[in-house]
Amino acid sequence: MSVWDDLVGQERVVGQLDAAARDADAYVTAAASGNPLPEASRMTHAWLFTGPPGAGRADAARAFAAALQCTSPDRALPGGTPGCGFCDGCHTSLIGTHADVDVVRTDLLSIGVKETRDLVRRSQMSPANGRWQVIVLEDADRLTEGAGNVLLKAVEEPASRTVWLLCAPSLEDVLPTIRSRSRHLSLRTPPVAAVADILVRRDGIDPALAASVARSTQGHIDRARRLATDERARERRAAVLKLPLRVGDVGAGLRAAQELIDAAGEDSKQAATETDEKETEALRAALGGQSGGRMPRGTAGAMKELEEKQKRRRTRSQRDSLDLALVDLTSFYRDVLALQFGSSPETVANVELRDALERIAEDSTAAATLRRIEAIAACREALDRNVAPLLAVEAMAMALRAG
């Protein structure tokens, strides 16, 4: 097993990362032995991974981090390469316990200046085991402008053994000054068959179910795995895909919009409750308070800051859940449009709804379907601009009805 095994359908990217890992290993080996450092190298101090949702940007960054920390003696043999997947360096990097690999992800709406300064300070430290200090920033697109400027300084003047691995959906989501100083790797949407194969091979999913969820998510690895392993997630998706069948009546359309909002809120509440309770109790204990009792003086500010953080996290979680539902809704109308343009019914993503798709395709025009897809996109954009979720979804439901 290699660290690259989970990068589905990314052969070109794997080739570039593997070559860079070889050069990085040669650099470290030469420096440790006092030999002259290699003149030409495909390794650099900052990398930017972009690609559509589900392409595996974060997986690629973590695999590269593991390859940089690989300590397997076999890597020095003819044909050997860093990234064995078994040694201590690879294993601890992949599971998130390596002392020199920081994987940073946020469950908030943005990454601020304070958090970024902490990362920059960490990046100036020497690696604990003498190889590389690696910082994986999975949500580089969520950096505020001020945080991006703080990061820019570290990328411009990096420590000799520090590597930044930044992940974002597209180049436009990162400051031009940062992307111009980073090596760019663009990942593609994995083939549906490859996603189904990895679900069967790695997660033990039934082949028929794996093929179904891979097709319905159109190659989004994480969403396919969630649908394959969570029956409630499949039920919620099925409920979302029934919305186009309910918007013929104004009242039913508005009720469907409210149900969509309620479902997203319930999802975020379930996801946050346990985490919030653990965080609150941990902070109370750290501040000297007792569970259910009064807190010592001077600790109210810290507790209030935690509450505000948890509120922002719930807001993002609700938005993410709602956005996921809108993506599923878009896939429905994409299938309708494909049928209207003469595609075979066997090629649609939502095969289980073939009868409904064919009926709507016959009863409407391609122009109307395009307007409906645009209405969903407008709803997603409105949610990004902090429009009240219910108002945005109700407006979308009425636009879907009008066609």
# chains A, B, ... in the order shown; residues from 1 in each chain; ligands from 1
>>> residues_around(residues="range 223-225 of chain A", least_positions_apart="5", cutoff="10 Å", atoms="only C-alpha atoms", output="list of chain:residue names")
A:Pro53, A:Gly54, A:Val192, A:Val195, A:Ala196, A:Ile198, A:Leu199, A:Asp203, A:Ile205, A:Leu209, A:Ala210, A:Ala211, A:Ser212, A:Val213, A:Ala214, A:Arg215, A:Ser216, A:Thr217, A:Gln218, A:Asp230, A:Ala233, A:Leu324
>>> write_last_selection(atoms="all heavy atoms", output="compact mmCIF listing (two decimals), in the first residue's frame")
# COMPACT_ATOMS: atom_id res chain seq x y z
N PRO A 53 -15.12 20.13 -5.88
CA PRO A 53 -15.44 19.41 -4.65
C PRO A 53 -15.45 17.89 -4.88
O PRO A 53 -15.99 17.41 -5.88
CB PRO A 53 -16.85 19.92 -4.29
CG PRO A 53 -16.93 21.27 -4.93
CD PRO A 53 -16.13 21.16 -6.20
N GLY A 54 -14.82 17.16 -3.96
CA GLY A 54 -14.78 15.72 -4.08
C GLY A 54 -13.60 15.18 -4.86
O GLY A 54 -13.42 13.97 -4.96
N VAL A 192 -16.45 7.94 -12.20
CA VAL A 192 -17.44 7.27 -11.35
C VAL A 192 -17.03 5.84 -11.04
O VAL A 192 -17.13 5.37 -9.90
CB VAL A 192 -18.82 7.31 -12.04
CG1 VAL A 192 -19.81 6.42 -11.28
CG2 VAL A 192 -19.35 8.74 -12.10
N VAL A 195 -14.37 5.71 -8.33
CA VAL A 195 -14.92 5.99 -6.99
C VAL A 195 -15.62 4.75 -6.45
O VAL A 195 -15.45 4.37 -5.29
CB VAL A 195 -15.88 7.19 -7.03
CG1 VAL A 195 -16.56 7.37 -5.68
CG2 VAL A 195 -15.13 8.46 -7.41
N ALA A 196 -16.41 4.09 -7.28
CA ALA A 196 -17.09 2.87 -6.85
C ALA A 196 -16.08 1.80 -6.46
O ALA A 196 -16.26 1.09 -5.45
CB ALA A 196 -18.00 2.37 -7.96
N ILE A 198 -13.00 2.17 -5.25
CA ILE A 198 -12.33 2.41 -3.97
C ILE A 198 -13.29 2.21 -2.80
O ILE A 198 -12.87 1.80 -1.71
CB ILE A 198 -11.69 3.81 -3.94
CG1 ILE A 198 -10.66 3.88 -2.81
CG2 ILE A 198 -12.72 4.90 -3.76
CD1 ILE A 198 -9.83 5.14 -2.80
N LEU A 199 -14.58 2.48 -2.99
CA LEU A 199 -15.55 2.23 -1.93
C LEU A 199 -15.63 0.73 -1.62
O LEU A 199 -15.74 0.33 -0.46
CB LEU A 199 -16.93 2.76 -2.33
CG LEU A 199 -17.09 4.28 -2.39
CD1 LEU A 199 -18.49 4.63 -2.87
CD2 LEU A 199 -16.82 4.92 -1.04
N ASP A 203 -13.51 0.41 1.73
CA ASP A 203 -14.54 0.53 2.76
C ASP A 203 -15.45 -0.69 2.85
O ASP A 203 -16.35 -0.72 3.70
CB ASP A 203 -15.38 1.78 2.51
CG ASP A 203 -14.54 3.05 2.53
OD1 ASP A 203 -13.90 3.29 3.56
OD2 ASP A 203 -14.51 3.78 1.52
N ILE A 205 -17.84 -1.66 0.86
CA ILE A 205 -19.22 -1.38 0.49
C ILE A 205 -19.70 -2.39 -0.55
O ILE A 205 -18.92 -2.83 -1.42
CB ILE A 205 -19.34 0.05 -0.08
CG1 ILE A 205 -18.79 1.08 0.93
CG2 ILE A 205 -20.78 0.40 -0.43
CD1 ILE A 205 -19.49 1.08 2.26
N LEU A 209 -24.37 -1.00 -4.26
CA LEU A 209 -24.57 0.27 -3.56
C LEU A 209 -23.45 1.25 -3.91
O LEU A 209 -23.70 2.45 -4.12
CB LEU A 209 -24.61 0.03 -2.05
CG LEU A 209 -24.75 1.28 -1.17
CD1 LEU A 209 -26.02 2.05 -1.51
CD2 LEU A 209 -24.74 0.89 0.31
N ALA A 210 -22.21 0.75 -3.98
CA ALA A 210 -21.09 1.62 -4.33
C ALA A 210 -21.28 2.23 -5.70
O ALA A 210 -21.03 3.44 -5.91
CB ALA A 210 -19.78 0.82 -4.27
N ALA A 211 -21.71 1.44 -6.67
CA ALA A 211 -21.93 1.96 -8.02
C ALA A 211 -23.05 2.99 -8.03
O ALA A 211 -22.96 4.02 -8.72
CB ALA A 211 -22.27 0.80 -8.97
N SER A 212 -24.10 2.74 -7.24
CA SER A 212 -25.24 3.67 -7.20
C SER A 212 -24.86 5.03 -6.61
O SER A 212 -25.16 6.08 -7.19
CB SER A 212 -26.37 3.04 -6.38
OG SER A 212 -27.44 3.96 -6.21
N VAL A 213 -24.16 5.04 -5.46
CA VAL A 213 -23.83 6.31 -4.82
C VAL A 213 -22.74 7.04 -5.60
O VAL A 213 -22.73 8.28 -5.64
CB VAL A 213 -23.42 6.10 -3.35
CG1 VAL A 213 -24.57 5.53 -2.54
CG2 VAL A 213 -22.18 5.22 -3.23
N ALA A 214 -21.82 6.31 -6.21
CA ALA A 214 -20.79 6.96 -7.02
C ALA A 214 -21.41 7.65 -8.22
O ALA A 214 -21.02 8.77 -8.59
CB ALA A 214 -19.75 5.93 -7.48
N ARG A 215 -22.39 7.02 -8.83
CA ARG A 215 -23.07 7.62 -9.97
C ARG A 215 -23.92 8.82 -9.55
O ARG A 215 -23.91 9.87 -10.19
CB ARG A 215 -23.96 6.58 -10.66
CG ARG A 215 -24.68 7.10 -11.90
CD ARG A 215 -25.47 6.00 -12.60
NE ARG A 215 -26.45 5.41 -11.69
CZ ARG A 215 -26.39 4.17 -11.24
NH1 ARG A 215 -25.39 3.39 -11.58
NH2 ARG A 215 -27.33 3.71 -10.42
N SER A 216 -24.61 8.70 -8.42
CA SER A 216 -25.50 9.79 -7.99
C SER A 216 -24.73 11.02 -7.54
O SER A 216 -25.23 12.14 -7.65
CB SER A 216 -26.42 9.30 -6.86
OG SER A 216 -25.66 8.95 -5.71
N THR A 217 -23.51 10.83 -7.03
CA THR A 217 -22.71 11.98 -6.61
C THR A 217 -21.73 12.43 -7.69
O THR A 217 -20.97 13.38 -7.48
CB THR A 217 -21.90 11.65 -5.34
OG1 THR A 217 -21.06 10.51 -5.59
CG2 THR A 217 -22.83 11.35 -4.18
N GLN A 218 -21.73 11.74 -8.84
CA GLN A 218 -20.91 12.12 -9.99
C GLN A 218 -19.43 12.24 -9.64
O GLN A 218 -18.77 13.21 -10.00
CB GLN A 218 -21.44 13.42 -10.60
CG GLN A 218 -22.78 13.28 -11.28
CD GLN A 218 -22.73 12.33 -12.48
OE1 GLN A 218 -22.22 12.69 -13.54
NE2 GLN A 218 -23.24 11.13 -12.32
N ASP A 230 -24.30 5.82 5.45
CA ASP A 230 -25.28 6.47 6.31
C ASP A 230 -26.65 6.40 5.65
O ASP A 230 -26.94 7.13 4.69
CB ASP A 230 -24.86 7.94 6.55
CG ASP A 230 -25.75 8.63 7.58
OD1 ASP A 230 -26.81 8.07 7.93
OD2 ASP A 230 -25.38 9.73 8.02
N ALA A 233 -28.58 9.68 5.58
CA ALA A 233 -28.14 10.61 4.53
C ALA A 233 -28.82 10.26 3.20
O ALA A 233 -29.23 11.15 2.45
CB ALA A 233 -26.62 10.54 4.37
N LEU A 324 -25.46 21.44 0.28
CA LEU A 324 -25.40 20.07 -0.23
C LEU A 324 -26.74 19.66 -0.82
O LEU A 324 -26.79 19.00 -1.87
CB LEU A 324 -24.99 19.12 0.90
CG LEU A 324 -24.80 17.65 0.53
CD1 LEU A 324 -23.73 17.50 -0.53
CD2 LEU A 324 -24.45 16.85 1.77
>>> residues_around(residues="range 111-119 of chain A", least_positions_apart="2", cutoff="7 Å", atoms="only C-alpha atoms", output="PDB file with C-alpha atoms, in the first residue's frame")
ATOM      1  CA  ARG A 121       4.963  31.123  14.174  1.00  0.00           C
ATOM      2  CA  ARG A 122       4.754  27.336  14.007  1.00  0.00           C
ATOM      3  CA  SER A 123       6.203  27.346  10.496  1.00  0.00           C
ATOM      4  CA  ARG A 142     -11.580  30.720   3.830  1.00  0.00           C
ATOM      5  CA  LEU A 143      -8.662  32.991   4.760  1.00  0.00           C
ATOM      6  CA  THR A 144      -9.769  36.559   5.319  1.00  0.00           C
ATOM      7  CA  GLY A 146      -5.896  40.131   6.512  1.00  0.00           C
ATOM      8  CA  ALA A 147      -5.080  36.483   7.191  1.00  0.00           C
ATOM      9  CA  VAL A 150      -0.120  37.396   7.104  1.00  0.00           C
ATOM     10  CA  LEU A 151       0.365  34.076   5.297  1.00  0.00           C
TER      11      LEU A 151
END
>>> select_by_dssp(residues="range 174-315 of chain A", states="strand (DSSP E)", output="list of chain:residue names")
A:Arg183, A:His184, A:Leu185, A:Ser186
>>> write_last_selection(atoms="C-alpha atoms", output="mmCIF file, in the first residue's frame")
data_model
loop_
_atom_site.group_PDB
_atom_site.id
_atom_site.type_symbol
_atom_site.label_atom_id
_atom_site.label_comp_id
_atom_site.auth_asym_id
_atom_site.auth_seq_id
_atom_site.Cartn_x
_atom_site.Cartn_y
_atom_site.Cartn_z
ATOM 1 C CA ARG A 183 3.355 25.578 -7.346
ATOM 2 C CA HIS A 184 -0.106 24.836 -8.666
ATOM 3 C CA LEU A 185 -1.582 21.339 -9.012
ATOM 4 C CA SER A 186 -5.068 20.974 -10.485
#
>>> residues_around(residues="range 131-138 of chain A", least_positions_apart="4", cutoff="6 Å", atoms="only C-alpha atoms", output="VMD selection string")
chain A and resid 58 100 to 105 127 161 to 167
>>> write_last_selection(atoms="N, CA and C atoms", output="PDB file, in the first residue's frame")
ATOM      1  N   ALA A  58      -7.549  17.650  -0.286  1.00  0.00           N
ATOM      2  CA  ALA A  58      -6.942  17.434   1.033  1.00  0.00           C
ATOM      3  C   ALA A  58      -6.260  16.070   1.101  1.00  0.00           C
ATOM      4  N   ASP A 100       5.579  16.802  13.086  1.00  0.00           N
ATOM      5  CA  ASP A 100       5.984  17.830  12.137  1.00  0.00           C
ATOM      6  C   ASP A 100       4.963  18.052  11.026  1.00  0.00           C
ATOM      7  N   VAL A 101       3.768  17.535  11.185  1.00  0.00           N
ATOM      8  CA  VAL A 101       2.717  17.738  10.185  1.00  0.00           C
ATOM      9  C   VAL A 101       1.495  18.335  10.878  1.00  0.00           C
ATOM     10  N   ASP A 102       1.176  19.554  10.541  1.00  0.00           N
ATOM     11  CA  ASP A 102      -0.024  20.213  11.059  1.00  0.00           C
ATOM     12  C   ASP A 102      -1.086  20.237   9.971  1.00  0.00           C
ATOM     13  N   VAL A 103      -2.223  19.595  10.206  1.00  0.00           N
ATOM     14  CA  VAL A 103      -3.344  19.632   9.271  1.00  0.00           C
ATOM     15  C   VAL A 103      -4.376  20.593   9.843  1.00  0.00           C
ATOM     16  N   VAL A 104      -4.612  21.689   9.123  1.00  0.00           N
ATOM     17  CA  VAL A 104      -5.482  22.760   9.621  1.00  0.00           C
ATOM     18  C   VAL A 104      -6.750  22.787   8.782  1.00  0.00           C
ATOM     19  N   ARG A 105      -7.874  22.578   9.439  1.00  0.00           N
ATOM     20  CA  ARG A 105      -9.180  22.726   8.790  1.00  0.00           C
ATOM     21  C   ARG A 105     -10.070  23.528   9.726  1.00  0.00           C
ATOM     22  N   PRO A 127      11.985  21.261  12.162  1.00  0.00           N
ATOM     23  CA  PRO A 127      11.273  19.976  12.319  1.00  0.00           C
ATOM     24  C   PRO A 127      11.863  19.148  13.450  1.00  0.00           C
ATOM     25  N   ARG A 161      13.268  24.356   5.968  1.00  0.00           N
ATOM     26  CA  ARG A 161      12.666  23.025   5.981  1.00  0.00           C
ATOM     27  C   ARG A 161      11.154  23.066   6.170  1.00  0.00           C
ATOM     28  N   THR A 162      10.505  24.166   5.798  1.00  0.00           N
ATOM     29  CA  THR A 162       9.056  24.296   5.956  1.00  0.00           C
ATOM     30  C   THR A 162       8.375  24.198   4.595  1.00  0.00           C
ATOM     31  N   VAL A 163       7.289  23.432   4.538  1.00  0.00           N
ATOM     32  CA  VAL A 163       6.513  23.276   3.314  1.00  0.00           C
ATOM     33  C   VAL A 163       5.054  23.611   3.616  1.00  0.00           C
ATOM     34  N   TRP A 164       4.492  24.516   2.815  1.00  0.00           N
ATOM     35  CA  TRP A 164       3.084  24.885   2.932  1.00  0.00           C
ATOM     36  C   TRP A 164       2.297  24.147   1.852  1.00  0.00           C
ATOM     37  N   LEU A 165       1.228  23.467   2.243  1.00  0.00           N
ATOM     38  CA  LEU A 165       0.348  22.770   1.313  1.00  0.00           C
ATOM     39  C   LEU A 165      -1.048  23.380   1.448  1.00  0.00           C
ATOM     40  N   LEU A 166      -1.437  24.199   0.487  1.00  0.00           N
ATOM     41  CA  LEU A 166      -2.693  24.945   0.536  1.00  0.00           C
ATOM     42  C   LEU A 166      -3.722  24.292  -0.374  1.00  0.00           C
ATOM     43  N   CYS A 167      -4.964  24.214   0.090  1.00  0.00           N
ATOM     44  CA  CYS A 167      -6.042  23.599  -0.688  1.00  0.00           C
ATOM     45  C   CYS A 167      -7.168  24.618  -0.888  1.00  0.00           C
TER      46      CYS A 167
END
>>> atom_distance(atom1="CA of Arg188 in chain A", atom2="CA of Ser331 in chain A")
18.4 Å
>>> residues_around(residues="Arg181 in chain A", least_positions_apart="3", cutoff="12 Å", atoms="only C-alpha atoms", output="mmCIF file with N, CA, C and O atoms, in the first residue's frame")
data_model
loop_
_atom_site.group_PDB
_atom_site.id
_atom_site.type_symbol
_atom_site.label_atom_id
_atom_site.label_comp_id
_atom_site.auth_asym_id
_atom_site.auth_seq_id
_atom_site.Cartn_x
_atom_site.Cartn_y
_atom_site.Cartn_z
ATOM 1 N N THR A 44 9.470 22.363 -3.938
ATOM 2 C CA THR A 44 9.384 23.775 -3.614
ATOM 3 C C THR A 44 8.720 23.914 -2.254
ATOM 4 O O THR A 44 8.193 22.949 -1.700
ATOM 5 N N HIS A 45 8.707 25.114 -1.704
ATOM 6 C CA HIS A 45 8.267 25.320 -0.327
ATOM 7 C C HIS A 45 6.776 25.594 -0.205
ATOM 8 O O HIS A 45 6.237 25.611 0.912
ATOM 9 N N ALA A 46 6.078 25.851 -1.305
ATOM 10 C CA ALA A 46 4.640 26.156 -1.223
ATOM 11 C C ALA A 46 3.912 25.514 -2.396
ATOM 12 O O ALA A 46 4.325 25.663 -3.556
ATOM 13 N N TRP A 47 2.834 24.813 -2.094
ATOM 14 C CA TRP A 47 2.041 24.117 -3.109
ATOM 15 C C TRP A 47 0.578 24.534 -2.962
ATOM 16 O O TRP A 47 0.092 24.740 -1.844
ATOM 17 N N LEU A 48 -0.097 24.633 -4.087
ATOM 18 C CA LEU A 48 -1.517 24.995 -4.081
ATOM 19 C C LEU A 48 -2.293 23.915 -4.837
ATOM 20 O O LEU A 48 -2.105 23.721 -6.040
ATOM 21 N N LEU A 151 -0.195 35.291 5.876
ATOM 22 C CA LEU A 151 0.365 34.076 5.297
ATOM 23 C C LEU A 151 1.365 34.401 4.193
ATOM 24 O O LEU A 151 2.377 33.709 4.030
ATOM 25 N N LEU A 152 1.096 35.457 3.434
ATOM 26 C CA LEU A 152 1.976 35.826 2.323
ATOM 27 C C LEU A 152 3.410 36.029 2.788
ATOM 28 O O LEU A 152 4.362 35.609 2.116
ATOM 29 N N LYS A 153 3.587 36.660 3.933
ATOM 30 C CA LYS A 153 4.935 36.916 4.445
ATOM 31 C C LYS A 153 5.681 35.610 4.674
ATOM 32 O O LYS A 153 6.872 35.486 4.348
ATOM 33 N N ALA A 154 4.988 34.605 5.219
ATOM 34 C CA ALA A 154 5.631 33.318 5.487
ATOM 35 C C ALA A 154 5.947 32.573 4.194
ATOM 36 O O ALA A 154 6.953 31.877 4.101
ATOM 37 N N VAL A 155 5.085 32.722 3.182
ATOM 38 C CA VAL A 155 5.321 32.061 1.906
ATOM 39 C C VAL A 155 6.461 32.732 1.152
ATOM 40 O O VAL A 155 7.236 32.075 0.447
ATOM 41 N N GLU A 156 6.580 34.064 1.305
ATOM 42 C CA GLU A 156 7.661 34.797 0.635
ATOM 43 C C GLU A 156 9.026 34.482 1.236
ATOM 44 O O GLU A 156 10.026 34.386 0.518
ATOM 45 N N GLU A 157 9.074 34.330 2.554
ATOM 46 C CA GLU A 157 10.341 34.095 3.248
ATOM 47 C C GLU A 157 10.226 32.843 4.122
ATOM 48 O O GLU A 157 10.177 32.912 5.349
ATOM 49 N N PRO A 158 10.159 31.663 3.498
ATOM 50 C CA PRO A 158 9.936 30.434 4.264
ATOM 51 C C PRO A 158 11.191 29.984 4.990
ATOM 52 O O PRO A 158 12.317 30.313 4.604
ATOM 53 N N TRP A 164 4.492 24.516 2.815
ATOM 54 C CA TRP A 164 3.084 24.885 2.932
ATOM 55 C C TRP A 164 2.297 24.147 1.852
ATOM 56 O O TRP A 164 2.633 24.215 0.665
ATOM 57 N N LEU A 166 -1.437 24.199 0.487
ATOM 58 C CA LEU A 166 -2.693 24.945 0.536
ATOM 59 C C LEU A 166 -3.722 24.292 -0.374
ATOM 60 O O LEU A 166 -3.402 23.875 -1.491
ATOM 61 N N VAL A 174 -7.835 32.215 -3.929
ATOM 62 C CA VAL A 174 -6.623 32.509 -3.168
ATOM 63 C C VAL A 174 -6.051 33.831 -3.656
ATOM 64 O O VAL A 174 -6.167 34.170 -4.844
ATOM 65 N N LEU A 175 -5.438 34.592 -2.755
ATOM 66 C CA LEU A 175 -4.844 35.873 -3.136
ATOM 67 C C LEU A 175 -3.854 35.684 -4.290
ATOM 68 O O LEU A 175 -3.053 34.737 -4.278
ATOM 69 N N PRO A 176 -3.881 36.574 -5.279
ATOM 70 C CA PRO A 176 -2.939 36.450 -6.410
ATOM 71 C C PRO A 176 -1.482 36.405 -5.966
ATOM 72 O O PRO A 176 -0.661 35.698 -6.568
ATOM 73 N N THR A 177 -1.157 37.148 -4.912
ATOM 74 C CA THR A 177 0.226 37.174 -4.442
ATOM 75 C C THR A 177 0.651 35.839 -3.853
ATOM 76 O O THR A 177 1.824 35.464 -3.926
ATOM 77 N N ILE A 178 -0.297 35.090 -3.264
ATOM 78 C CA ILE A 178 0.029 33.767 -2.708
ATOM 79 C C ILE A 178 0.126 32.735 -3.826
ATOM 80 O O ILE A 178 1.065 31.938 -3.880
ATOM 81 N N HIS A 184 1.307 25.172 -8.547
ATOM 82 C CA HIS A 184 -0.106 24.836 -8.666
ATOM 83 C C HIS A 184 -0.296 23.417 -9.206
ATOM 84 O O HIS A 184 0.332 23.025 -10.184
#
>>> residues_around(residues="Ala256 in chain A", least_positions_apart="3", cutoff="9 Å", atoms="only C-alpha atoms", output="list in words")
Val240, Leu243, Arg246, Val247, Gly251, Ala252, Gly253, Glu259, Leu260, Ile261, Glu394 and Ala397 of chain A
>>> write_last_selection(atoms="all heavy atoms", output="compact mmCIF listing (two decimals), in the first residue's frame")
# COMPACT_ATOMS: atom_id res chain seq x y z
N VAL A 240 -34.98 15.44 -0.66
CA VAL A 240 -34.63 16.66 -1.41
C VAL A 240 -35.00 16.50 -2.87
O VAL A 240 -35.55 17.43 -3.50
CB VAL A 240 -33.12 16.96 -1.27
CG1 VAL A 240 -32.69 18.03 -2.27
CG2 VAL A 240 -32.79 17.40 0.14
N LEU A 243 -38.51 17.45 -4.15
CA LEU A 243 -38.97 18.84 -4.18
C LEU A 243 -39.48 19.27 -5.55
O LEU A 243 -40.51 19.95 -5.65
CB LEU A 243 -37.86 19.78 -3.69
CG LEU A 243 -38.25 21.23 -3.45
CD1 LEU A 243 -37.46 21.81 -2.27
CD2 LEU A 243 -38.03 22.11 -4.67
N ARG A 246 -43.10 18.76 -6.10
CA ARG A 246 -44.05 19.40 -5.19
C ARG A 246 -44.27 20.87 -5.49
O ARG A 246 -45.15 21.49 -4.90
CB ARG A 246 -43.55 19.25 -3.75
CG ARG A 246 -43.35 17.81 -3.31
CD ARG A 246 -42.74 17.72 -1.93
NE ARG A 246 -43.56 18.37 -0.91
CZ ARG A 246 -43.19 18.52 0.37
NH1 ARG A 246 -42.01 18.06 0.75
NH2 ARG A 246 -43.98 19.10 1.23
N VAL A 247 -43.47 21.45 -6.38
CA VAL A 247 -43.56 22.90 -6.58
C VAL A 247 -44.67 23.30 -7.55
O VAL A 247 -44.84 24.49 -7.84
CB VAL A 247 -42.21 23.46 -7.08
CG1 VAL A 247 -41.14 23.31 -6.04
CG2 VAL A 247 -41.80 22.81 -8.40
N GLY A 251 -48.57 26.47 -2.23
CA GLY A 251 -48.52 26.10 -0.82
C GLY A 251 -47.58 24.94 -0.57
O GLY A 251 -46.77 24.95 0.37
N ALA A 252 -47.66 23.92 -1.43
CA ALA A 252 -46.78 22.76 -1.26
C ALA A 252 -45.32 23.16 -1.47
O ALA A 252 -44.43 22.66 -0.79
CB ALA A 252 -47.19 21.66 -2.23
N GLY A 253 -45.07 24.06 -2.42
CA GLY A 253 -43.71 24.52 -2.67
C GLY A 253 -43.12 25.25 -1.48
O GLY A 253 -41.96 25.04 -1.11
N GLU A 259 -39.41 22.75 4.96
CA GLU A 259 -38.90 21.44 5.35
C GLU A 259 -37.42 21.32 5.03
O GLU A 259 -36.66 20.71 5.79
CB GLU A 259 -39.69 20.35 4.64
CG GLU A 259 -41.13 20.21 5.14
CD GLU A 259 -41.96 19.29 4.27
OE1 GLU A 259 -41.37 18.64 3.37
OE2 GLU A 259 -43.19 19.22 4.48
N LEU A 260 -36.99 21.92 3.92
CA LEU A 260 -35.58 21.89 3.55
C LEU A 260 -34.73 22.63 4.58
O LEU A 260 -33.66 22.17 4.99
CB LEU A 260 -35.40 22.51 2.16
CG LEU A 260 -34.12 22.16 1.39
CD1 LEU A 260 -34.03 20.67 1.13
CD2 LEU A 260 -34.10 22.93 0.07
N ILE A 261 -35.22 23.79 5.00
CA ILE A 261 -34.52 24.58 6.02
C ILE A 261 -34.49 23.83 7.34
O ILE A 261 -33.46 23.77 8.03
CB ILE A 261 -35.18 25.96 6.20
CG1 ILE A 261 -35.10 26.77 4.90
CG2 ILE A 261 -34.54 26.72 7.34
CD1 ILE A 261 -33.71 27.10 4.46
N GLU A 394 -37.39 29.92 -0.40
CA GLU A 394 -38.74 30.15 -0.89
C GLU A 394 -38.73 30.81 -2.26
O GLU A 394 -39.53 30.44 -3.15
CB GLU A 394 -39.51 31.01 0.11
CG GLU A 394 -39.93 30.27 1.37
CD GLU A 394 -40.71 31.14 2.33
OE1 GLU A 394 -40.62 32.39 2.21
OE2 GLU A 394 -41.39 30.59 3.21
N ALA A 397 -37.94 28.16 -4.73
CA ALA A 397 -39.08 27.25 -4.97
C ALA A 397 -40.07 27.87 -5.94
O ALA A 397 -40.59 27.19 -6.83
CB ALA A 397 -39.74 26.91 -3.64
